[in-house]
Structure formats: C-alpha cells, structure tokens
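Asker: Contents of protein-v1.json (JSON, C-alpha atoms and all ligand atoms) are below:
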```
[["chain", "number", "residue", "atom", "x", "y", "z"],
["A", 12, "MET", "CA", 93.99, 127.11, 100.93],
["A", 13, "GLY", "CA", 96.77, 124.56, 101.42],
["A", 14, "VAL", "CA", 97.33, 121.32, 99.50],
["A", 15, "PHE", "CA", 97.16, 119.40, 102.81],
["A", 16, "ASP", "CA", 94.09, 121.08, 104.32],
["A", 17, "GLY", "CA", 92.26, 118.54, 106.50],
["A", 18, "LYS", "CA", 95.03, 115.93, 106.21],
["A", 19, "LYS", "CA", 96.36, 114.24, 109.35],
["A", 20, "ILE", "CA", 100.04, 113.33, 109.16],
["A", 21, "LEU", "CA", 102.31, 111.58, 111.68],
["A", 22, "ILE", "CA", 105.91, 112.77, 111.86],
["A", 23, "MET", "CA", 108.46, 110.33, 113.33],
["A", 24, "GLY", "CA", 112.09, 111.40, 113.79],
["A", 25, "VAL", "CA", 112.25, 115.01, 114.95],
["A", 26, "ALA", "CA", 115.27, 115.42, 117.22],
["A", 27, "SER", "CA", 115.98, 119.12, 116.69],
["A", 28, "GLU", "CA", 115.26, 122.05, 114.39],
["A", 29, "ARG", "CA", 117.98, 120.63, 112.13],
["A", 30, "SER", "CA", 116.17, 117.32, 111.64],
["A", 31, "ILE", "CA", 114.99, 116.48, 108.14],
["A", 32, "ALA", "CA", 111.66, 115.50, 109.73],
["A", 33, "TRP", "CA", 111.32, 119.00, 111.19],
["A", 34, "ALA", "CA", 111.68, 120.69, 107.78],
["A", 35, "ILE", "CA", 109.06, 118.31, 106.39],
["A", 36, "ALA", "CA", 106.74, 119.08, 109.34],
["A", 37, "GLU", "CA", 107.12, 122.84, 108.80],
["A", 38, "ALA", "CA", 106.37, 122.52, 105.10],
["A", 39, "LEU", "CA", 103.30, 120.33, 105.75],
["A", 40, "HIS", "CA", 102.07, 122.79, 108.38],
["A", 41, "ARG", "CA", 102.37, 125.67, 105.89],
["A", 42, "GLU", "CA", 100.23, 123.66, 103.48],
["A", 43, "GLY", "CA", 97.48, 123.14, 106.08],
["A", 44, "ALA", "CA", 98.21, 119.64, 107.46],
["A", 45, "GLU", "CA", 97.35, 118.69, 111.03],
["A", 46, "LEU", "CA", 100.40, 117.01, 112.59],
["A", 47, "ALA", "CA", 101.18, 114.45, 115.28],
["A", 48, "PHE", "CA", 104.73, 113.76, 116.43],
["A", 49, "SER", "CA", 106.42, 110.77, 118.03],
["A", 50, "TYR", "CA", 109.49, 110.74, 120.27],
["A", 51, "PRO", "CA", 111.58, 107.78, 121.47],
["A", 52, "ASN", "CA", 112.42, 108.74, 125.08],
["A", 53, "GLU", "CA", 111.94, 111.37, 127.83],
["A", 54, "SER", "CA", 114.95, 113.46, 126.91],
["A", 55, "LEU", "CA", 113.70, 113.87, 123.35],
["A", 56, "GLU", "CA", 110.16, 114.51, 124.58],
["A", 57, "LYS", "CA", 111.48, 117.73, 126.14],
["A", 58, "ARG", "CA", 112.70, 118.86, 122.72],
["A", 59, "VAL", "CA", 109.84, 117.57, 120.57],
["A", 60, "ARG", "CA", 106.90, 118.95, 122.63],
["A", 61, "PRO", "CA", 107.84, 122.64, 122.29],
["A", 62, "LEU", "CA", 108.66, 122.18, 118.61],
["A", 63, "ALA", "CA", 105.29, 120.49, 118.01],
["A", 64, "GLU", "CA", 103.56, 123.36, 119.81],
["A", 65, "GLN", "CA", 105.20, 125.82, 117.41],
["A", 66, "LEU", "CA", 103.19, 124.07, 114.68],
["A", 67, "GLY", "CA", 100.00, 123.99, 116.73],
["A", 68, "SER", "CA", 100.24, 120.32, 117.71],
["A", 69, "ARG", "CA", 99.70, 118.81, 121.14],
["A", 70, "ASN", "CA", 99.46, 115.34, 119.66],
["A", 71, "VAL", "CA", 102.88, 114.13, 120.84],
["A", 72, "ILE", "CA", 103.21, 110.40, 121.41],
["A", 73, "ARG", "CA", 105.95, 108.23, 122.89],
["A", 74, "CYS", "CA", 107.23, 105.61, 120.45],
["A", 75, "ASP", "CA", 110.61, 103.94, 120.67],
["A", 76, "VAL", "CA", 110.31, 101.85, 117.50],
["A", 77, "GLN", "CA", 112.16, 98.96, 119.17],
["A", 78, "SER", "CA", 109.28, 98.54, 121.62],
["A", 79, "ASP", "CA", 106.15, 96.63, 120.57],
["A", 80, "SER", "CA", 104.18, 98.19, 123.41],
["A", 81, "ASP", "CA", 105.20, 101.69, 122.25],
["A", 82, "LEU", "CA", 104.08, 100.80, 118.71],
["A", 83, "GLN", "CA", 100.72, 99.65, 120.09],
["A", 84, "ASN", "CA", 100.54, 102.86, 122.13],
["A", 85, "LEU", "CA", 101.13, 104.87, 118.94],
["A", 86, "PHE", "CA", 98.22, 103.12, 117.23],
["A", 87, "ASN", "CA", 95.94, 103.52, 120.28],
["A", 88, "CYS", "CA", 96.70, 107.24, 120.67],
["A", 89, "LEU", "CA", 96.15, 108.01, 116.97],
["A", 90, "GLU", "CA", 92.97, 105.95, 116.84],
["A", 91, "ALA", "CA", 91.63, 107.78, 119.89],
["A", 92, "SER", "CA", 92.67, 111.30, 118.84],
["A", 93, "TRP", "CA", 92.23, 111.26, 115.06],
["A", 94, "GLY", "CA", 90.50, 107.99, 114.14],
["A", 95, "ARG", "CA", 92.49, 108.00, 110.90],
["A", 96, "VAL", "CA", 95.89, 108.87, 109.44],
["A", 97, "ASP", "CA", 96.46, 110.21, 105.92],
["A", 98, "GLY", "CA", 100.23, 110.23, 105.88],
["A", 99, "LEU", "CA", 103.38, 109.11, 107.66],
["A", 100, "VAL", "CA", 106.90, 110.52, 107.65],
["A", 101, "HIS", "CA", 109.42, 107.91, 108.86],
["A", 102, "SER", "CA", 112.73, 109.67, 109.44],
["A", 103, "ILE", "CA", 114.45, 107.36, 111.89],
["A", 104, "ALA", "CA", 117.82, 105.60, 111.90],
["A", 105, "PHE", "CA", 120.35, 104.40, 114.44],
["A", 106, "ALA", "CA", 123.58, 102.39, 114.54],
["A", 107, "GLU", "CA", 126.03, 101.88, 117.39],
["A", 108, "LYS", "CA", 128.97, 104.28, 117.09],
["A", 109, "GLU", "CA", 131.53, 101.44, 117.34],
["A", 110, "ASP", "CA", 130.00, 99.75, 114.29],
["A", 111, "LEU", "CA", 130.55, 102.90, 112.26],
["A", 112, "GLN", "CA", 134.12, 103.28, 113.50],
["A", 113, "ARG", "CA", 135.60, 99.81, 113.14],
["A", 114, "ARG", "CA", 136.13, 97.72, 110.01],
["A", 115, "PHE", "CA", 132.87, 96.58, 108.43],
["A", 116, "SER", "CA", 133.96, 92.94, 108.74],
["A", 117, "GLU", "CA", 134.04, 93.46, 112.52],
["A", 118, "THR", "CA", 130.37, 94.54, 112.78],
["A", 119, "SER", "CA", 128.91, 92.98, 115.92],
["A", 120, "ARG", "CA", 125.86, 90.73, 115.79],
["A", 121, "ALA", "CA", 124.07, 92.92, 118.33],
["A", 122, "GLY", "CA", 125.00, 96.08, 116.41],
["A", 123, "PHE", "CA", 123.71, 94.57, 113.16],
["A", 124, "HIS", "CA", 120.40, 93.69, 114.81],
["A", 125, "THR", "CA", 120.01, 97.15, 116.35],
["A", 126, "ALA", "CA", 120.78, 99.02, 113.11],
["A", 127, "LEU", "CA", 118.43, 96.86, 111.04],
["A", 128, "ASP", "CA", 115.71, 96.90, 113.70],
["A", 129, "VAL", "CA", 115.61, 100.68, 114.23],
["A", 130, "SER", "CA", 116.42, 101.78, 110.69],
["A", 131, "ALA", "CA", 114.58, 99.25, 108.51],
["A", 132, "TYR", "CA", 112.22, 96.93, 110.41],
["A", 133, "SER", "CA", 110.64, 99.94, 112.11],
["A", 134, "LEU", "CA", 109.12, 101.05, 108.78],
["A", 135, "ILE", "CA", 107.46, 97.64, 108.33],
["A", 136, "ALA", "CA", 106.27, 97.64, 111.94],
["A", 137, "VAL", "CA", 104.79, 101.14, 111.84],
["A", 138, "CYS", "CA", 103.12, 100.61, 108.44],
["A", 139, "GLY", "CA", 101.71, 97.29, 109.65],
["A", 140, "LYS", "CA", 100.32, 98.88, 112.82],
["A", 141, "LEU", "CA", 98.87, 101.98, 111.20],
["A", 142, "ALA", "CA", 97.58, 100.53, 107.91],
["A", 143, "ARG", "CA", 94.09, 100.10, 109.41],
["A", 144, "LEU", "CA", 93.97, 103.82, 110.21],
["A", 145, "PHE", "CA", 94.42, 104.92, 106.61],
["A", 146, "PRO", "CA", 91.13, 105.94, 104.96],
["A", 147, "GLU", "CA", 89.57, 103.99, 102.08],
["A", 148, "ASP", "CA", 91.12, 106.28, 99.49],
["A", 149, "GLY", "CA", 94.55, 105.46, 100.94],
["A", 150, "GLY", "CA", 97.42, 107.71, 101.89],
["A", 151, "SER", "CA", 101.14, 108.12, 101.59],
["A", 152, "VAL", "CA", 104.24, 107.05, 103.50],
["A", 153, "VAL", "CA", 107.70, 108.60, 103.03],
["A", 154, "THR", "CA", 110.95, 107.36, 104.55],
["A", 155, "LEU", "CA", 114.54, 108.65, 104.37],
["A", 156, "THR", "CA", 117.47, 106.72, 102.97],
["A", 157, "TYR", "CA", 121.02, 107.33, 101.74],
["A", 158, "LEU", "CA", 123.23, 106.31, 98.80],
["A", 159, "GLY", "CA", 125.32, 104.13, 101.15],
["A", 160, "SER", "CA", 122.64, 101.49, 100.51],
["A", 161, "GLN", "CA", 123.77, 101.12, 96.88],
["A", 162, "ARG", "CA", 127.47, 102.03, 96.96],
["A", 163, "VAL", "CA", 130.18, 101.58, 99.53],
["A", 164, "VAL", "CA", 130.56, 104.79, 101.52],
["A", 165, "GLN", "CA", 133.46, 104.71, 103.95],
["A", 166, "HIS", "CA", 132.31, 104.47, 107.60],
["A", 167, "TYR", "CA", 128.64, 104.13, 106.68],
["A", 168, "ASN", "CA", 129.11, 100.39, 107.23],
["A", 169, "VAL", "CA", 126.16, 98.58, 108.80],
["A", 170, "MET", "CA", 123.95, 101.60, 108.20],
["A", 171, "GLY", "CA", 124.42, 101.02, 104.44],
["A", 172, "VAL", "CA", 123.12, 97.47, 104.89],
["A", 173, "ALA", "CA", 120.19, 98.79, 106.94],
["A", 174, "LYS", "CA", 119.34, 101.36, 104.26],
["A", 175, "ALA", "CA", 119.46, 98.63, 101.56],
["A", 176, "ALA", "CA", 116.95, 96.65, 103.65],
["A", 177, "LEU", "CA", 114.88, 99.81, 104.10],
["A", 178, "GLU", "CA", 114.73, 100.46, 100.34],
["A", 179, "ALA", "CA", 113.74, 96.84, 99.65],
["A", 180, "SER", "CA", 111.09, 97.11, 102.39],
["A", 181, "VAL", "CA", 109.70, 100.21, 100.64],
["A", 182, "ARG", "CA", 109.14, 98.12, 97.50],
["A", 183, "TYR", "CA", 107.57, 95.18, 99.37],
["A", 184, "LEU", "CA", 105.34, 97.49, 101.44],
["A", 185, "ALA", "CA", 104.29, 99.37, 98.30],
["A", 186, "ALA", "CA", 103.28, 96.08, 96.68],
["A", 187, "ASP", "CA", 101.51, 94.84, 99.81],
["A", 188, "LEU", "CA", 99.63, 98.02, 100.70],
["A", 189, "GLY", "CA", 98.91, 99.21, 97.14],
["A", 190, "GLU", "CA", 95.46, 97.63, 97.05],
["A", 191, "GLN", "CA", 94.50, 99.82, 100.03],
["A", 192, "GLY", "CA", 95.71, 102.86, 98.08],
["A", 193, "ILE", "CA", 98.64, 103.34, 100.46],
["A", 194, "ARG", "CA", 101.74, 104.54, 98.63],
["A", 195, "VAL", "CA", 105.21, 103.99, 100.10],
["A", 196, "ASN", "CA", 108.27, 105.85, 98.83],
["A", 197, "ALA", "CA", 111.79, 106.72, 99.94],
["A", 198, "ILE", "CA", 113.85, 109.86, 99.52],
["A", 199, "SER", "CA", 117.58, 109.27, 99.22],
["A", 200, "ALA", "CA", 119.01, 112.51, 100.57],
["A", 201, "GLY", "CA", 122.55, 113.76, 100.16],
["A", 202, "PRO", "CA", 124.58, 114.64, 103.28],
["A", 203, "ILE", "CA", 123.14, 117.32, 105.60],
["A", 204, "ARG", "CA", 124.48, 118.34, 109.02],
["A", 205, "THR", "CA", 122.06, 116.90, 111.63],
["A", 206, "LEU", "CA", 122.44, 115.05, 114.94],
["A", 207, "ALA", "CA", 122.35, 111.65, 113.20],
["A", 208, "ALA", "CA", 124.96, 112.80, 110.69],
["A", 209, "SER", "CA", 127.30, 113.90, 113.48],
["A", 210, "GLY", "CA", 127.60, 110.21, 114.48],
["A", 211, "ILE", "CA", 129.17, 109.28, 111.14],
["A", 212, "PRO", "CA", 132.99, 109.47, 111.25],
["A", 213, "LYS", "CA", 134.57, 111.87, 108.73],
["A", 214, "PHE", "CA", 131.18, 113.40, 107.87],
["A", 215, "LYS", "CA", 132.95, 116.69, 107.11],
["A", 216, "GLU", "CA", 135.00, 114.95, 104.42],
["A", 217, "MET", "CA", 131.78, 113.50, 102.99],
["A", 218, "LEU", "CA", 130.33, 117.00, 102.75],
["A", 219, "GLY", "CA", 133.53, 118.20, 101.05],
["A", 220, "GLU", "CA", 133.42, 115.45, 98.41],
["A", 221, "PHE", "CA", 129.72, 116.09, 97.90],
["A", 222, "GLY", "CA", 130.41, 119.78, 97.25],
["A", 223, "ASP", "CA", 133.19, 118.92, 94.77],
["A", 224, "LYS", "CA", 131.33, 116.27, 92.78],
["A", 225, "ALA", "CA", 127.60, 117.05, 92.80],
["A", 226, "PRO", "CA", 126.53, 118.66, 89.50],
["A", 227, "LEU", "CA", 124.43, 121.30, 91.25],
["A", 228, "LYS", "CA", 126.88, 123.56, 93.05],
["A", 229, "LYS", "CA", 124.67, 124.39, 96.01],
["A", 230, "PRO", "CA", 124.61, 123.13, 99.58],
["A", 231, "LEU", "CA", 121.77, 120.66, 100.13],
["A", 232, "THR", "CA", 119.22, 121.83, 102.74],
["A", 233, "THR", "CA", 116.54, 120.09, 104.74],
["A", 234, "GLU", "CA", 114.05, 122.35, 102.91],
["A", 235, "ASP", "CA", 115.17, 120.83, 99.57],
["A", 236, "VAL", "CA", 114.30, 117.41, 100.96],
["A", 237, "ALA", "CA", 111.03, 118.65, 102.49],
["A", 238, "ASN", "CA", 109.82, 119.98, 99.11],
["A", 239, "VAL", "CA", 110.18, 116.53, 97.55],
["A", 240, "ALA", "CA", 108.56, 114.90, 100.59],
["A", 241, "LEU", "CA", 105.56, 117.21, 100.09],
["A", 242, "HIS", "CA", 105.31, 116.05, 96.49],
["A", 243, "LEU", "CA", 105.45, 112.37, 97.52],
["A", 244, "LEU", "CA", 102.94, 112.84, 100.34],
["A", 245, "GLY", "CA", 100.52, 114.88, 98.25],
["A", 246, "PRO", "CA", 98.03, 114.41, 95.40],
["A", 247, "ALA", "CA", 100.53, 115.27, 92.64],
["A", 248, "SER", "CA", 102.18, 111.84, 93.05],
["A", 249, "VAL", "CA", 99.09, 109.57, 93.22],
["A", 250, "ALA", "CA", 100.61, 107.16, 90.67],
["A", 251, "VAL", "CA", 104.03, 106.90, 92.32],
["A", 252, "THR", "CA", 104.84, 104.10, 94.75],
["A", 253, "GLY", "CA", 107.77, 101.86, 95.72],
["A", 254, "GLU", "CA", 110.31, 104.39, 94.42],
["A", 255, "THR", "CA", 113.52, 105.78, 95.82],
["A", 256, "THR", "CA", 113.90, 109.40, 94.71],
["A", 257, "TYR", "CA", 117.32, 111.01, 94.96],
["A", 258, "VAL", "CA", 117.45, 114.50, 96.42],
["A", 259, "ASP", "CA", 121.21, 115.00, 96.34],
["A", 260, "CYS", "CA", 122.01, 117.74, 93.83],
["A", 261, "GLY", "CA", 122.73, 114.94, 91.33],
["A", 262, "PHE", "CA", 125.64, 113.41, 93.28],
["A", 263, "ASN", "CA", 124.46, 109.82, 92.67],
["A", 264, "ILE", "CA", 124.70, 110.05, 88.86],
["A", 265, "MET", "CA", 128.42, 110.84, 88.87],
["A", 266, "GLY", "CA", 131.18, 108.39, 87.99],
["A", 267, "ILE", "CA", 134.81, 109.30, 87.53],
["B", 301, "LIG", "P1", 118.14, 113.34, 113.33],
["B", 301, "LIG", "O1", 117.64, 114.71, 113.41],
["B", 301, "LIG", "O2", 119.15, 112.90, 114.32],
["B", 301, "LIG", "O3", 116.89, 112.32, 113.28],
["B", 301, "LIG", "C1", 117.03, 110.92, 113.52],
["B", 301, "LIG", "C2", 115.90, 110.51, 114.42],
["B", 301, "LIG", "O4", 115.79, 109.08, 114.60],
["B", 301, "LIG", "C3", 116.08, 111.08, 115.81],
["B", 301, "LIG", "O5", 114.89, 111.72, 116.24],
["B", 301, "LIG", "C4", 116.37, 109.85, 116.62],
["B", 301, "LIG", "O6", 116.17, 109.93, 118.02],
["B", 301, "LIG", "C5", 115.43, 108.89, 115.95],
["B", 301, "LIG", "N1", 115.58, 107.54, 116.50],
["B", 301, "LIG", "C6", 116.72, 106.84, 116.71],
["B", 301, "LIG", "N2", 116.44, 105.67, 117.32],
["B", 301, "LIG", "C7", 115.09, 105.64, 117.49],
["B", 301, "LIG", "C8", 114.19, 104.70, 118.06],
["B", 301, "LIG", "N3", 114.61, 103.54, 118.60],
["B", 301, "LIG", "N4", 112.86, 104.98, 118.07],
["B", 301, "LIG", "C9", 112.40, 106.12, 117.55],
["B", 301, "LIG", "N5", 113.20, 107.07, 117.01],
["B", 301, "LIG", "C10", 114.54, 106.82, 116.97],
["B", 301, "LIG", "O7", 118.86, 113.13, 111.90],
["B", 301, "LIG", "P2", 118.36, 113.25, 110.38],
["B", 301, "LIG", "O8", 119.60, 113.45, 109.59],
["B", 301, "LIG", "O9", 117.24, 114.20, 110.25],
["B", 301, "LIG", "O10", 117.88, 111.77, 110.07],
["B", 301, "LIG", "C11", 116.59, 111.44, 109.64],
["B", 301, "LIG", "C12", 116.65, 110.33, 108.59],
["B", 301, "LIG", "O11", 117.30, 110.84, 107.42],
["B", 301, "LIG", "C13", 117.45, 109.10, 109.02],
["B", 301, "LIG", "O12", 116.80, 107.93, 108.53],
["B", 301, "LIG", "C14", 118.78, 109.29, 108.29],
["B", 301, "LIG", "O13", 119.46, 108.08, 108.06],
["B", 301, "LIG", "C15", 118.25, 109.91, 107.01],
["B", 301, "LIG", "N6", 119.28, 110.58, 106.19],
["B", 301, "LIG", "C16", 120.04, 111.59, 106.73],
["B", 301, "LIG", "C17", 120.99, 112.20, 105.94],
["B", 301, "LIG", "C18", 121.88, 113.29, 106.50],
["B", 301, "LIG", "O14", 122.94, 113.55, 105.91],
["B", 301, "LIG", "N7", 121.50, 113.94, 107.59],
["B", 301, "LIG", "C19", 121.17, 111.80, 104.59],
["B", 301, "LIG", "C20", 120.36, 110.80, 104.08],
["B", 301, "LIG", "C21", 119.42, 110.19, 104.88],
["B", 301, "LIG", "P3", 117.54, 110.02, 118.96],
["B", 301, "LIG", "O15", 118.10, 111.37, 118.73],
["B", 301, "LIG", "O16", 117.04, 109.76, 120.34],
["B", 301, "LIG", "O17", 118.46, 108.92, 118.48]]
```
Show me this structure written as structure tokens.
Answerer:
Amino acid sequence: MGVFDGKKILIMGVASERSIAWAIAEALHREGAELAFSYPNESLEKRVRPLAEQLGSRNVIRCDVQSDSDLQNLFNCLEASWGRVDGLVHSIAFAEKEDLQRRFSETSRAGFHTALDVSAYSLIAVCGKLARLFPEDGGSVVTLTYLGSQRVVQHYNVMGVAKAALEASVRYLAADLGEQGIRVNAISAGPIRTLAASGIPKFKEMLGEFGDKAPLKKPLTTEDVANVALHLLGPASVAVTGETTYVDCGFNIMGI
C-alpha cells in the first residue's frame, strides 16, 4: 500500500526526465498516486505524453499558464475526468534570456511582466481555478522556488524578484485557502542541472560554489527534492502551510 493510494495529483512543469517535476511525479507514482500532467505547447506535448504514459497516465492537458482559456481548459478537463483534485505540483518558471544576461537595472518592462506572470502569478491563477475541485478535507499544493528570492544571486536578476513574489503568494494563498483545508508550501531547491537551469548564465559556477560551501558534501538531486515534496503533499505534514522549506544541502545557512 502506498501513502498516496487513491489520491489524484496534477503535475505542472515536466519538460524532460531531468525536470524536478518529473522526479516528484515518479515518487508520487511509486506511492500509489494517480497523476495528470500539463504541458504549455505542442513541442512539449510530444515529450510529456510518453513520459506520462510511463507512469500510467493518459490525463495530459494543455495549459500555458499565461493563457486564461488554457487555465479554464485545465479546470474543465480535470472536472470532467476526475471530478476532484487532491494535490498540485507547480514547477514552472520563465524569464527572457536577455533579462538574465544584462544588468538588473536594465530589466525590460515586458520581461518583468513575463517573469512575474509565468513564475509567480501562475500559482495564484491555478490555485484560484482549481480550489473548487479540492475535496472537503482539503489537499496540498507545492511550488518550487530558489534562494535568489532572498539574496542577490548574480544573473538570477528578475527571476529573483519573481521568486520573492512567489514565496509571498504562497503565504497569502495559505492564509486564504486554509479554511478549505488546502495547504500551500514552497520548496527552495539548491541548483540542479535542468533545462530551466541551463538558461541561467554561469550556472556551472553556481554549482561549483554550491559544492564548495554547502555543509552537506553531496550533489543535490531531483530525488532529494521529490522526497521533501512527498512529505509536503502527504498526510505527515497536515499542520504545515505557508512555509518555504530549503532543500539545498544547507547552503542557505552559510555566511562567510
Ligand atoms: P524545467 O525542467 O525546465 O521545468 C520548467 C518548466 O516550466 C518547463 O516545463 C517549462 O516549459 C515550464 N514553463 C515555462 N513557461 C511556461 C508557461 N507559460 N506555461 C506552462 N509551463 C511553462 O526546469 P526545473 O529546474 O525542473 O524547474 C522547475 C521549477 O524549479 C522552476 O520553478 C524553477 O525555477 C525551480 N527551481 C529550479 C532549480 C534548479 O536549479 N533547477 C533550483 C530551484 C528552483 P518550457 O520548457 O516550454 O519553457
């Protein structure tokens, strides 16, 4: 018997087998969860469908989080197929490459809007749309953030501002949805090689500094993050909401 037997969980943000969302999906599947997946566009659909099938899911739904009609489509499809949702994994972020490459003070207005819309507002929008699908005894939402929200990390730029907004949104959503028993938490992961990470200039140097400074001398894996996501999505954390939990081998505690 798995901890998630009979639970229906939506996974947003699988782009490849390296995605953090994919490791979380695999772990949930092992524990008995039934999964649905979203994808933002046709080219990702081609990657997400076969991956979903590996975990026995044909519930694969288009949802570019910048599109209100896609968000409505997500709700309609889940209402029709499942009638309820017990959990949500939001593992989505995007910023224009130029805004990560130039000086922060030169961030474009359009780039700021895009980064905040995709990486922070999308959590509010998806929670708002799907809240009605959560059962009376509630459910759990987990999103992914990074230390660049709290400290200046070179080249993280507008994405750091978006992650700060995301973490604040986690607290406001937790307060708003708490009376429905819906818990909302964030995991602040250390650096891991994924497609999104490859868009951050000097990511290799970030990994190097992480390896030098983090108290736990081990490379961080998507499985490490998935294990904590399982805890936050499952019954062992019923009294935890609005939190940002660091899964970064202790990097964030270090000073000089
Ligand atoms: P990933 O595999 O590239 O996943 C990012 C996902 O976001 C992709 O599926 C991407 O699709 C999707 N996305 C972008 N724009 C979207 C939109 N408009 N609508 C719907 N989906 C959209 O990278 P990842 O590292 O696993 O990232 C997952 C989350 O973890 C992100 O929030 C990231 O900031 C966070 N995180 C990552 C690290 C790290 O070091 N990897 C550390 C801390 C936190 P496309 O491929 O089409 O853009």
Asker: What is the distance, in Å and to one decimal place, between atom CA of Leu144 of chain A and atom CA of Gly245 of chain A?
Answerer: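 Value for the atom CA of Leu144 of chain A-atom CA of Gly245 of chain A distance: 17.6 Å.
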Asker: Could you check how far atom O4 of ligand LIG 301 (chain B) sits from atom CA of Leu99 of chain A, in Å to one decimal?
Answerer: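 These atoms are spaced 14.2 Å apart.
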Asker: Step by step, measure atom-to-atom distances between ligand LIG 301 (chain B) and each residue using all atoms listed in the file, keep those at most 7 Å, then write them as a PyMOL selection string.
Answerer: chain A and resi 23-27+29-32+50-52+55+74-77+102-105+129-130+155-157+199-208
Asker: Save the residues we just selected, C-alpha atoms, as a CSV table (one decimal), in the frame of the given file?
Answerer:
```
chain,number,residue,atom,x,y,z
A,23,MET,CA,108.5,110.3,113.3
A,24,GLY,CA,112.1,111.4,113.8
A,25,VAL,CA,112.2,115.0,115.0
A,26,ALA,CA,115.3,115.4,117.2
A,27,SER,CA,116.0,119.1,116.7
A,29,ARG,CA,118.0,120.6,112.1
A,30,SER,CA,116.2,117.3,111.6
A,31,ILE,CA,115.0,116.5,108.1
A,32,ALA,CA,111.7,115.5,109.7
A,50,TYR,CA,109.5,110.7,120.3
A,51,PRO,CA,111.6,107.8,121.5
A,52,ASN,CA,112.4,108.7,125.1
A,55,LEU,CA,113.7,113.9,123.4
A,74,CYS,CA,107.2,105.6,120.4
A,75,ASP,CA,110.6,103.9,120.7
A,76,VAL,CA,110.3,101.8,117.5
A,77,GLN,CA,112.2,99.0,119.2
A,102,SER,CA,112.7,109.7,109.4
A,103,ILE,CA,114.4,107.4,111.9
A,104,ALA,CA,117.8,105.6,111.9
A,105,PHE,CA,120.4,104.4,114.4
A,129,VAL,CA,115.6,100.7,114.2
A,130,SER,CA,116.4,101.8,110.7
A,155,LEU,CA,114.5,108.6,104.4
A,156,THR,CA,117.5,106.7,103.0
A,157,TYR,CA,121.0,107.3,101.7
A,199,SER,CA,117.6,109.3,99.2
A,200,ALA,CA,119.0,112.5,100.6
A,201,GLY,CA,122.6,113.8,100.2
A,202,PRO,CA,124.6,114.6,103.3
A,203,ILE,CA,123.1,117.3,105.6
A,204,ARG,CA,124.5,118.3,109.0
A,205,THR,CA,122.1,116.9,111.6
A,206,LEU,CA,122.4,115.0,114.9
A,207,ALA,CA,122.4,111.6,113.2
A,208,ALA,CA,125.0,112.8,110.7
```
Asker: Tell me, in Å to one decimal, how far atom CA of Leu134 of chain A is from atom CA of Gly98 of chain A.
Answerer: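 Between atom CA of Leu134 of chain A and atom CA of Gly98 of chain A the gap works out to 13.1 Å.
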Asker: Residues within 9 Å of segment 33-46 of chain A, please, as a tab-separated table (two decimals) with C-alpha atoms, in the coordinates of the input. Count only C-alpha atoms; anything in the same chain fewer than 4 positions from it doesn't count.
Answerer:
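Resulting contents of around25.tsv:
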```
chain	number	residue	atom	x	y	z
A	12	MET	CA	93.99	127.11	100.93
A	13	GLY	CA	96.77	124.56	101.42
A	14	VAL	CA	97.33	121.32	99.50
A	15	PHE	CA	97.16	119.40	102.81
A	16	ASP	CA	94.09	121.08	104.32
A	17	GLY	CA	92.26	118.54	106.50
A	18	LYS	CA	95.03	115.93	106.21
A	19	LYS	CA	96.36	114.24	109.35
A	20	ILE	CA	100.04	113.33	109.16
A	21	LEU	CA	102.31	111.58	111.68
A	22	ILE	CA	105.91	112.77	111.86
A	24	GLY	CA	112.09	111.40	113.79
A	25	VAL	CA	112.25	115.01	114.95
A	26	ALA	CA	115.27	115.42	117.22
A	27	SER	CA	115.98	119.12	116.69
A	28	GLU	CA	115.26	122.05	114.39
A	29	ARG	CA	117.98	120.63	112.13
A	62	LEU	CA	108.66	122.18	118.61
A	63	ALA	CA	105.29	120.49	118.01
A	66	LEU	CA	103.19	124.07	114.68
A	67	GLY	CA	100.00	123.99	116.73
A	68	SER	CA	100.24	120.32	117.71
A	69	ARG	CA	99.70	118.81	121.14
A	70	ASN	CA	99.46	115.34	119.66
A	100	VAL	CA	106.90	110.52	107.65
A	233	THR	CA	116.54	120.09	104.74
A	234	GLU	CA	114.05	122.35	102.91
A	235	ASP	CA	115.17	120.83	99.57
A	236	VAL	CA	114.30	117.41	100.96
A	237	ALA	CA	111.03	118.65	102.49
A	238	ASN	CA	109.82	119.98	99.11
A	240	ALA	CA	108.56	114.90	100.59
A	241	LEU	CA	105.56	117.21	100.09
```
Asker: Just checking: using all atoms listed in the file, which residue out of A:Met217, A:Val163, A:Ala225, A:Ser133 ends up closest to Gly261 of chain A?
Answerer: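 With all atoms listed in the file as the atom set, the closest residue is A:Ala225.
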